[in-house]
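Trainee: Questions regarding the structure given below will be posed in turn.
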Amino acid sequence: MACSSNWWRAPVYFTVSVLLAFLAISTALRSLPRDNSLQTKTTIAPLLLDASSALRKSGFNIIATLLQITPEIFISSPHSTIFAIPDSSIANASHTSWLLKHLFQYHASPLQLSMKDLLKKHRGSCFPTLFHGKNVALTKVDEKERVVEINHVLVSHPDIFLNGPLTIHGVLGPFTSMDPRYVNQGWDHIQAPICDSNLSLVSEAIDTKNVVEWTHVIRLLSSKGFVSFAIGLNSVLDGILYDKMKLNSVTVFAPPEFSFVASASSLLEKIVRFHILPRKLTYMELASLPANATLSTLAPDHDLEISKAVNITQELMINQVKIVAPNMFESKKFVIHGISQAFKLDELPNTSR
């Protein structure tokens with residue numbers, strides 16, 4: 001009886017948590033720089049008022065209020081589609097203001113997409129979001145049953161609002177999982193599917209906790225003076241991720257000077273890949289390999305060779321280049337060795353620069 005007499009407290013507690021979450025989120029988002037190019041107060045204020053009212057009627061109270069307070073987060077083009085996240089998915093949010101902004105931007109698109117438009121698309125179609133460089137993908141389309149899933153999340157409340165340039169749908173949950181701990185470790189905080197230039201799905205979102213923390217690698221290289229190599233790696237990273245997206249460990253050989261950053265992109269990518277092994281090998285593991293042992297790299301048909309490895313206390317060389325800073329950085333998924341100079345590709349005479 002004691003438990004049943006307190007049944008009414010659950011919705012009250014939830015309502016309070018939603019209110020507190022809204023206050024925290026709206027305060028944080030208001031502190032972010034505003035996009036003054038959006039004349040929302042004078043041009044589309046009535047539209048936003050109607051949209052917020054429709055969202056509240058469907059139970060999306062937090063997004064409804066944020067749309068009125070910070071509309072520039074959700075709308076940045078003449079046409080917009082918003083995918084409203086449920087209050088229950090935001091109420092306990094502990095993200096920083098910029099993380100929340102990115103999350104909301106990832107749930108808005110510069111395209112106008114009604115449920116009818118979504119049902120006309122085929123499974124595997126991608127479309128852009130307001131979070132730069134990140135797409136979402138249609139993972140289920142059933143025109144007969146009028147069912148659409150985006151990033152495996154059901155569009156639970158289609159066409160909440162259809163008026164002029166603005167379309168709003170409610171979804172069952174966020175399109176991506178976000179954990180601030182992973183951001184601090186250099187992992188991508190928006191886990192988005194990989195799409196090609198034709199906006200067709202190439203690969204679904206990968207849990208970045210289980211792959212190489214490339215952003216962290218680049219930051220570490222820059223922090224220790226390997227800036228030119230860090231710039232080179234960053235500029236070709238999209239190509240590496242395209243065909244090595246599930247790579248879960250690497251060994252990076254970092255030269256102090258890397259003049260190839262000004263080279264043509266195809267050459268630069270080949271040379272950067274030539275400095276990366278698709279597995280983690282510490283200095284001791286490299287030293288335990290026999291002389292003349294070959295090491296496969298991320299550059300197809302271009303291997304490295306152990307030049308000299310008598311024992312773990314004597315000089316170890318790879319392709320006649322000294323490892324001058326062994327195990328400079330190490331994590332569960334990568335190790336970075338500093339080398340005296342960049343490796344040379346035999347077929348490219350200019351790589352001895």
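Note on naming: chains are A, B, ... as they come in the structure tokens, residues start from 1 per chain, ligands start from 1 in the order shown.
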Can you pull out the residues contacting Val212 (chain A)? Cut-off 7 Å, using only C-alpha atoms, and skip same-chain residues under 4 positions away; I want them as a ChimeraX atom specification.
Mentor: /A:247-249,333-334
Trainee: What's the 7 Å shell around region 155-165 of chain A, counting only C-alpha atoms, without same-chain residues fewer than 3 positions away, as a list in words?
Mentor: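 The residues that qualify are Ala51, Ala54, Leu55, Pro78, His79, Ser80, Gln112, Ser114, Met115, Val148, Glu149, Ile168, His169, Gly170, Val171 and Leu172 of chain A.
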Trainee: Please provide as an mmCIF file with N, CA and C atoms, in the first residue's frame all residues within 8 Å of Ile150 (chain A), with the sequence filter that same-chain residues fewer than 5 positions apart are discarded (counting only C-alpha atoms).
Mentor:
```cif
data_model
loop_
_atom_site.group_PDB
_atom_site.id
_atom_site.type_symbol
_atom_site.label_atom_id
_atom_site.label_comp_id
_atom_site.auth_asym_id
_atom_site.auth_seq_id
_atom_site.Cartn_x
_atom_site.Cartn_y
_atom_site.Cartn_z
ATOM 1 N N VAL A 136 22.897 11.826 -41.888
ATOM 2 C CA VAL A 136 22.113 10.737 -41.315
ATOM 3 C C VAL A 136 21.677 9.844 -42.467
ATOM 4 N N ALA A 137 21.288 8.621 -42.164
ATOM 5 C CA ALA A 137 20.925 7.668 -43.209
ATOM 6 C C ALA A 137 19.580 7.023 -42.901
ATOM 7 N N LEU A 138 18.819 6.778 -43.953
ATOM 8 C CA LEU A 138 17.560 6.043 -43.822
ATOM 9 C C LEU A 138 17.890 4.564 -43.730
ATOM 10 N N THR A 139 17.676 3.963 -42.586
ATOM 11 C CA THR A 139 18.020 2.563 -42.374
ATOM 12 C C THR A 139 16.809 1.635 -42.519
ATOM 13 N N LYS A 140 15.600 2.215 -42.602
ATOM 14 C CA LYS A 140 14.402 1.426 -42.876
ATOM 15 C C LYS A 140 13.355 2.324 -43.518
ATOM 16 N N VAL A 155 10.949 7.174 -36.684
ATOM 17 C CA VAL A 155 10.233 8.448 -36.745
ATOM 18 C C VAL A 155 8.846 8.174 -36.161
ATOM 19 N N PHE A 175 19.680 10.294 -32.650
ATOM 20 C CA PHE A 175 20.279 9.583 -33.776
ATOM 21 C C PHE A 175 21.691 9.098 -33.466
#
```
Trainee: Measuring atom to atom with only C-alpha atoms, identify which of A:Glu213, A:Glu285, A:Asp346, A:Glu305 is nearest to Pro326 (chain A).
Mentor: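 Checking each of A:Glu213, A:Glu285, A:Asp346, A:Glu305 against Pro326 (chain A), counting only C-alpha atoms, the winner is A:Glu285.
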Trainee: Just give me the gap between CA of Lys244 (chain A) and CA of Ser109 (chain A) in Å, one decimal is fine.
Mentor: 28.0 Å
Trainee: Between A:Ile336, A:Val153, A:Ile73, A:Ile44, which one has atoms that come closest to Ile276 (chain A), using only C-alpha atoms?
Mentor: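 Using only C-alpha atoms, Ile276 (chain A) sits closest to A:Ile336.
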Trainee: Nearest to Thr215 (chain A) among A:Cys195, A:Leu241, A:Leu268, A:Ala325, with distances taken over only C-alpha atoms: which residue is it?
Mentor: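 When distances to Thr215 (chain A) are compared using only C-alpha atoms, the smallest one comes from A:Leu241.
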Trainee: So that I can see what lies close to region 125-132 of chain A, please list as a ChimeraX atom specification the residues with an atom at most 7 Å from it, counting only C-alpha atoms and leaving out residues fewer than 6 positions away in the same chain.
Mentor: /A:102,105-110,138,195,199-201
Trainee: So the first atom is CA of Leu295 (chain A) and the second is CA of Lys322 (chain A); what is the distance between them in Å, to one decimal place?
Mentor: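 Between CA of Leu295 (chain A) and CA of Lys322 (chain A) the gap is 15.5 Å.
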Trainee: Could you tell me which of A:Ile90, A:Leu166, A:Val324, A:Leu47 comes closest to Ile63 (chain A) if we count only C-alpha atoms?
Mentor: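 Smallest separation from Ile63 (chain A) among the options: A:Ile90.
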Trainee: Leaving out Thr294 (chain A) and any residue of its chain fewer than 3 positions from it, which residues lie within 12 Å of it when counting only C-alpha atoms, given as a list in words?
Mentor: Leu277, Leu286, Leu289, Pro290, Ala291, Thr297, Asp301, His302, Asp303, Leu304, Glu305, Ile306, Ser307, Lys308, Ile318 and Asn319 of chain A
Trainee: From the list A:His337, A:His275, A:His122, A:Lys116, which residue is nearest Leu220 (chain A) when using only C-alpha atoms?
Mentor: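 Checking each candidate against Leu220 (chain A), we get A:His337 as the closest.
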Trainee: Any idea what's packed within 9 Å of Ser52 (chain A), counting only C-alpha atoms, ignoring anything in its chain fewer than 2 positions away? Could you give it as a compact mmCIF listing (two decimals) with all heavy atoms, in the first residue's frame?
Mentor:
```txt
# COMPACT_ATOMS: atom_id res chain seq x y z
N LEU A 47 5.58 31.75 -37.11
CA LEU A 47 5.76 30.35 -37.52
C LEU A 47 6.36 29.53 -36.38
O LEU A 47 5.92 28.40 -36.11
CB LEU A 47 6.68 30.29 -38.74
CG LEU A 47 6.91 28.90 -39.35
CD1 LEU A 47 5.64 28.39 -40.01
CD2 LEU A 47 8.04 28.96 -40.38
N LEU A 48 7.36 30.08 -35.70
CA LEU A 48 7.99 29.38 -34.59
C LEU A 48 7.02 29.17 -33.44
O LEU A 48 7.04 28.14 -32.76
CB LEU A 48 9.21 30.16 -34.11
CG LEU A 48 10.38 30.27 -35.10
CD1 LEU A 48 11.49 31.13 -34.51
CD2 LEU A 48 10.90 28.89 -35.47
N LEU A 49 6.15 30.14 -33.21
CA LEU A 49 5.15 30.02 -32.15
C LEU A 49 4.19 28.88 -32.45
O LEU A 49 3.89 28.06 -31.57
CB LEU A 49 4.38 31.34 -32.02
CG LEU A 49 3.39 31.42 -30.84
CD1 LEU A 49 4.13 31.30 -29.52
CD2 LEU A 49 2.62 32.74 -30.91
N ASP A 50 3.75 28.77 -33.70
CA ASP A 50 2.85 27.68 -34.09
C ASP A 50 3.57 26.32 -34.01
O ASP A 50 3.00 25.33 -33.57
CB ASP A 50 2.34 27.90 -35.51
CG ASP A 50 1.38 29.08 -35.61
OD1 ASP A 50 0.87 29.51 -34.56
OD2 ASP A 50 1.17 29.58 -36.73
N ALA A 54 2.67 23.04 -31.61
CA ALA A 54 2.46 21.69 -32.13
C ALA A 54 3.38 20.68 -31.43
O ALA A 54 2.97 19.55 -31.13
CB ALA A 54 2.71 21.68 -33.64
N LEU A 55 4.62 21.09 -31.15
CA LEU A 55 5.56 20.21 -30.44
C LEU A 55 5.06 19.92 -29.03
O LEU A 55 5.13 18.77 -28.57
CB LEU A 55 6.94 20.86 -30.40
CG LEU A 55 7.79 20.75 -31.66
CD1 LEU A 55 8.94 21.74 -31.64
CD2 LEU A 55 8.32 19.33 -31.83
N ARG A 56 4.57 20.92 -28.34
CA ARG A 56 4.07 20.71 -26.98
C ARG A 56 2.88 19.76 -26.96
O ARG A 56 2.76 18.92 -26.07
CB ARG A 56 3.71 22.04 -26.34
CG ARG A 56 4.90 22.90 -25.95
CD ARG A 56 4.52 24.06 -25.04
NE ARG A 56 5.69 24.87 -24.74
CZ ARG A 56 6.10 25.89 -25.49
NH1 ARG A 56 5.41 26.23 -26.58
NH2 ARG A 56 7.17 26.58 -25.15
N LYS A 57 2.00 19.90 -27.93
CA LYS A 57 0.83 19.03 -28.00
C LYS A 57 1.24 17.57 -28.19
O LYS A 57 0.51 16.66 -27.78
CB LYS A 57 -0.09 19.47 -29.14
CG LYS A 57 -0.83 20.77 -28.87
CD LYS A 57 -1.70 21.16 -30.05
CE LYS A 57 -2.43 22.47 -29.79
NZ LYS A 57 -3.24 22.89 -30.96
N PHE A 60 6.78 17.12 -26.86
CA PHE A 60 8.20 17.48 -27.01
C PHE A 60 8.40 18.88 -26.43
O PHE A 60 8.66 19.85 -27.16
CB PHE A 60 8.61 17.41 -28.48
CG PHE A 60 8.53 16.03 -29.08
CD1 PHE A 60 7.35 15.57 -29.63
CD2 PHE A 60 9.64 15.19 -29.05
CE1 PHE A 60 7.27 14.29 -30.17
CE2 PHE A 60 9.57 13.90 -29.58
CZ PHE A 60 8.38 13.45 -30.15
N ASN A 61 8.32 18.98 -25.12
CA ASN A 61 8.30 20.29 -24.46
C ASN A 61 9.63 21.02 -24.50
O ASN A 61 9.68 22.23 -24.69
CB ASN A 61 7.85 20.11 -23.00
CG ASN A 61 6.45 19.54 -22.90
OD1 ASN A 61 5.48 20.19 -23.28
ND2 ASN A 61 6.34 18.32 -22.41
N ILE A 63 12.26 20.70 -26.68
CA ILE A 63 12.57 21.18 -28.02
C ILE A 63 11.64 22.33 -28.40
O ILE A 63 12.06 23.30 -29.04
CB ILE A 63 12.47 20.04 -29.05
CG1 ILE A 63 13.50 18.94 -28.74
CG2 ILE A 63 12.69 20.57 -30.47
CD1 ILE A 63 14.93 19.39 -28.82
N ALA A 64 10.37 22.25 -27.96
CA ALA A 64 9.41 23.31 -28.26
C ALA A 64 9.89 24.66 -27.73
O ALA A 64 9.85 25.68 -28.43
CB ALA A 64 8.05 22.96 -27.67
N THR A 65 10.36 24.66 -26.50
CA THR A 65 10.80 25.92 -25.89
C THR A 65 12.14 26.38 -26.46
O THR A 65 12.33 27.58 -26.71
CB THR A 65 10.90 25.75 -24.36
OG1 THR A 65 9.68 25.21 -23.87
CG2 THR A 65 11.17 27.08 -23.69
N LEU A 66 13.06 25.44 -26.68
CA LEU A 66 14.35 25.81 -27.25
C LEU A 66 14.20 26.38 -28.65
O LEU A 66 14.96 27.26 -29.06
CB LEU A 66 15.29 24.60 -27.27
CG LEU A 66 15.78 24.10 -25.92
CD1 LEU A 66 16.61 22.83 -26.10
CD2 LEU A 66 16.60 25.16 -25.21
N LEU A 67 13.23 25.89 -29.41
CA LEU A 67 13.00 26.39 -30.76
C LEU A 67 12.64 27.88 -30.74
O LEU A 67 12.99 28.63 -31.65
CB LEU A 67 11.89 25.58 -31.44
CG LEU A 67 11.56 25.96 -32.89
CD1 LEU A 67 12.79 25.81 -33.78
CD2 LEU A 67 10.41 25.09 -33.41
N GLN A 68 11.94 28.30 -29.69
CA GLN A 68 11.59 29.71 -29.57
C GLN A 68 12.75 30.56 -29.05
O GLN A 68 12.94 31.70 -29.47
CB GLN A 68 10.38 29.87 -28.64
CG GLN A 68 9.07 29.43 -29.25
CD GLN A 68 7.89 29.79 -28.37
OE1 GLN A 68 7.55 29.06 -27.44
NE2 GLN A 68 7.25 30.92 -28.66
```
